Amino acid sequence: MHKAIVDVYLVSSQYHRRETDMSVAKARSAIRSREAQDTPAVNGQSEVAGKRSGKAGEWGRAWEVDLFTSLGVIGLMILFPVMVFYFFVSCEKYQCALSGPILDIYSGKGVYDMWQMLPKATWSAWKVGLIWLTYQVVQYFVPDILHYILPSYKGGVQLGAVTPAGNQMLYLVNGLQVWVVTHILFFANAFYFKLFSPAIVFDNWGGLLWVANTVGYSLAAFAYVKAHFFPTSREDCKFSGNVFYDYMMGVELNPRIGKWFDFKLFFNGRPGIVAWTIINLSFAFKQYELYGYVTNSMILVNFLQAIYVVDYFWNETWYLNTIDICHEHFGWYLGWGDSVGLPYLYTLQGLYLVYNPVSLSYLHCAIVLTLGLSGYYIFRDVNHQKDYFRRNDGNCIIWGKKPEYIQCSYTSSDGKQRQSKLLVSGWWGVTRHMNYTGDLMGSLAYCLATGFEHLLPYFYIIHMVTLLVHRCLRDEHRCKCKYGKDWDVYTARVPYRLIPGVF
Ligand code: NDP
């Protein structure tokens, strides 16, 4: 396995520098020293990937599934797509009033009438969707040159985290470049060459919903089959034996096609997140086309969400170490989530503003902007503090002084006793997940930018609260299993999770 990793490294190092310029010997030693360190033993049992060696403390998915969970999984896979179509119809036919379709059904509209309201899967939408996907795949393989130009940007070939089976993969990090090139091409083709209307996304939004769903479900099906017949790393697979659960939560940890096409990095980061700002721009252009002006609320939503998107790409290498990449397996949850959930649910504010062009007072704008920017600042600074602290093994300065921390020990998958540090200074002394709090503040700001007329644009904050609270509880469960009593010392020292004095 070491050999395979180093082989990949050798290929990549031919055209990348800085981190990837390290010698093969350095790569080997980095792999040896990090291998298995991140994989805790669970309740005294080693988590040997691919085998049933313990349940508590594992992230992401279970080994065994009961009837209740199976039914829940099936229910969610039906409910979520229905909900997204429902939101679309509410906007398209009822100006985003969620009560619209229900009231119509209540007042006697039949199933056929409702079916007629659904968007049509047009050929034009298929063309847009498939060209977009193909374009993103091609861009994914274009070597990154931005990291040569921007000194503090980390791109090019980067080493990911060690998996439970001890694999460590290399990733092609060029998301920022793809984002920049895509936006230049969008503006050039829409305004200079006039190949398409800048409102192209909005104009095909209904048809694209079918395309996105087809991609999401097919992707999960492909990942499921691939895991059974040609997995990238059999040792990093988790099978529960329940078809629905495995389809939804995924089996493979890091499915790939060939050496470089990584499903998680690609689908998590490219077609959906690059599209996010293009979708918002398209909504803004549609607003202009319909009313002759763009509202300050639309500008705010575009601006605040663009900061979040650019931040994602600027820190793409850092994201290789987040829970999504390190612990979630790839199935419907990620495949459908990236293909439909992200583009359709994260952009609801912009869509709403096309149908409801809300103009905000200066005070309202100032509140939204302050909340959005301070949320973003907290989110970024908290994540940076942990990264900085861990990279320097505690030998650094946080908020003007040497940081305090709790020295923790845990048993890794190779049975060895390992050491880690939990920061209790800076933001990490305020609550245990201030990065989530900052994220939630930003999310609330997007919603507040749409005014208070309808519930639909507030779906995003409801979704983010549910997602991050659930994630916070799952993460703490994993940390408790990993660090045992040391985790209790940490939680006693920093008693709150998200909001000091409240939760
Ligand atoms: P974190 O970056 O918070 O990582 C959690 C891990 O950090 C823990 O498992 C533990 O790992 C380590 N840790 C916990 N406490 C400490 C401490 N005091 N000192 C040092 N290390 C600690 O979680 P995520 O990966 O979930 O989130 C990353 C970012 O992504 C967040 O800002 C989140 O808001 C954002 N996000 C956004 C989403 C969206 O849809 N917009 C979805 C998900 C995340 P270890 O085992 O190493 O100790």
# chains A, B, ... in the order shown; residues from 1 in each chain; ligands from 1
$ residues_near_ligand --ligand "ligand 1" --cutoff "6 Å" --atoms "only C-alpha atoms and all ligand atoms" --output "PyMOL selection string"
chain A and resi 322-323+379+386+422-424+428+433+435-436+439+475+479
$ select_by_dssp --residues "segment 196-337 of chain A" --states "alpha helix (DSSP H)" --output "MDAnalysis selection string"
chainID A and resid 200:203 205:229 243:249 263:269 271:291 296:314 316:319 323:327 332:336
$ select_by_dssp --residues "segment 242-290 of chain A" --states "strand (DSSP E)" --output "NGL selection string"
:A and (256-257 or 261-262)
$ residues_around --residues "Phe452 of chain A" --least-positions-apart "2" --cutoff "12 Å" --atoms "only C-alpha atoms" --output "list in words"
Gln349, Tyr352, Asn356, Val358, Ser359, Leu360, His364, Cys447, Leu448, Ala449, Thr450, His454, Leu455, Leu456, Pro457 and Tyr458 of chain A
$ atom_distance --atom1 "atom CA of Pro231 of chain A" --atom2 "atom CA of Phe68 of chain A"
28.5 Å
$ residues_around --residues "Trp179 of chain A" --least-positions-apart "4" --cutoff "12 Å" --atoms "only C-alpha atoms" --output "JSON, numbers by chain"
{"A": [135, 136, 139, 140, 144, 146, 173, 174, 175, 183, 184, 185, 186, 269, 270, 271, 272, 273, 274, 275, 276, 277, 278, 306, 309, 310, 311, 312, 313, 314, 316]}
$ closest_residue --among "A:Tyr496, A:Gly206, A:His327, A:Leu219" --to "Arg478 of chain A" --atoms "only C-alpha atoms"
A:His327
$ atom_distance --atom1 "atom CA of Ala220 of chain A" --atom2 "atom CA of Gly335 of chain A"
5.7 Å
$ closest_residue --among "A:Cys91, A:Leu150, A:Val294, A:Leu342" --to "Asn213 of chain A" --atoms "only C-alpha atoms"
A:Leu342
$ closest_residue --among "A:Asn242, A:Thr431, A:Thr347, A:Ser420" --to "Leu71 of chain A" --atoms "only C-alpha atoms"
A:Asn242
$ atom_distance --atom1 "atom CA of Val201 of chain A" --atom2 "atom CA of Leu369 of chain A"
26.2 Å
$ residues_around --residues "Tyr355 of chain A" --least-positions-apart "2" --cutoff "10 Å" --atoms "only C-alpha atoms" --output "PDB file with C-alpha atoms, in the first residue's frame"
ATOM      1  CA  CYS A  91     -42.245  29.583  -6.263  1.00  0.00           C
ATOM      2  CA  GLU A  92     -43.204  29.055  -9.882  1.00  0.00           C
ATOM      3  CA  LYS A  93     -46.971  29.021  -9.344  1.00  0.00           C
ATOM      4  CA  TYR A  94     -47.607  30.695  -5.971  1.00  0.00           C
ATOM      5  CA  GLN A  95     -44.880  33.340  -5.653  1.00  0.00           C
ATOM      6  CA  CYS A  96     -43.031  31.209  -3.105  1.00  0.00           C
ATOM      7  CA  PHE A 283     -31.197  34.995 -10.552  1.00  0.00           C
ATOM      8  CA  LYS A 286     -33.462  37.553 -14.222  1.00  0.00           C
ATOM      9  CA  GLN A 287     -34.590  40.070 -11.657  1.00  0.00           C
ATOM     10  CA  LEU A 290     -38.196  41.260 -15.229  1.00  0.00           C
ATOM     11  CA  GLY A 350     -31.951  34.275  -4.699  1.00  0.00           C
ATOM     12  CA  LEU A 351     -34.808  32.335  -6.291  1.00  0.00           C
ATOM     13  CA  TYR A 352     -37.283  33.862  -3.856  1.00  0.00           C
ATOM     14  CA  LEU A 353     -36.063  37.353  -4.710  1.00  0.00           C
ATOM     15  CA  PRO A 357     -38.128  41.684  -5.402  1.00  0.00           C
ATOM     16  CA  VAL A 358     -37.718  42.885  -1.816  1.00  0.00           C
TER      17      VAL A 358
END
$ closest_residue --among "A:Thr122, A:Gln417, A:Asn280, A:Thr295" --to "Phe202 of chain A" --atoms "only C-alpha atoms"
A:Asn280
$ closest_residue --among "A:Gly341, A:Pro101, A:Pro198, A:Gly207" --to "Lys127 of chain A" --atoms "only C-alpha atoms"
A:Gly207
$ residues_around --residues "Ile257 of chain A" --least-positions-apart "4" --cutoff "12 Å" --atoms "only C-alpha atoms" --output "PyMOL selection string"
chain A and resi 137+222-223+226-227+230-233+261-264+266
$ write_last_selection --atoms "C-alpha atoms" --output "tab-separated table (two decimals), in the first residue's frame"
chain	number	residue	atom	x	y	z
A	137	VAL	CA	-14.97	17.07	-15.35
A	222	PHE	CA	-23.13	3.75	-9.47
A	223	ALA	CA	-21.26	4.27	-6.16
A	226	LYS	CA	-18.80	0.17	-7.70
A	227	ALA	CA	-18.34	-0.52	-3.98
A	230	PHE	CA	-14.58	-2.59	-8.07
A	231	PRO	CA	-13.96	-0.54	-4.92
A	232	THR	CA	-11.03	1.82	-4.73
A	233	SER	CA	-10.07	0.47	-1.31
A	261	PHE	CA	-10.99	11.29	-10.20
A	262	ASP	CA	-12.15	11.56	-6.61
A	263	PHE	CA	-15.95	11.44	-6.21
A	264	LYS	CA	-16.05	13.32	-2.93
A	266	PHE	CA	-15.40	16.50	-7.32
$ residues_around --residues "Leu304 of chain A" --least-positions-apart "4" --cutoff "7 Å" --atoms "only C-alpha atoms" --output "ChimeraX atom specification"
/A:300,308,372
$ write_last_selection --atoms "C-alpha atoms" --output "mmCIF file, in the first residue's frame"
data_model
loop_
_atom_site.group_PDB
_atom_site.id
_atom_site.type_symbol
_atom_site.label_atom_id
_atom_site.label_comp_id
_atom_site.auth_asym_id
_atom_site.auth_seq_id
_atom_site.Cartn_x
_atom_site.Cartn_y
_atom_site.Cartn_z
ATOM 1 C CA LEU A 300 -26.542 41.253 -0.450
ATOM 2 C CA TYR A 308 -18.507 31.821 1.466
ATOM 3 C CA GLY A 372 -23.192 38.077 7.609
#
$ closest_residue --among "A:Val354, A:Ile398, A:Leu373, A:Val89" --to "Gly442 of chain A" --atoms "only C-alpha atoms"
A:Leu373
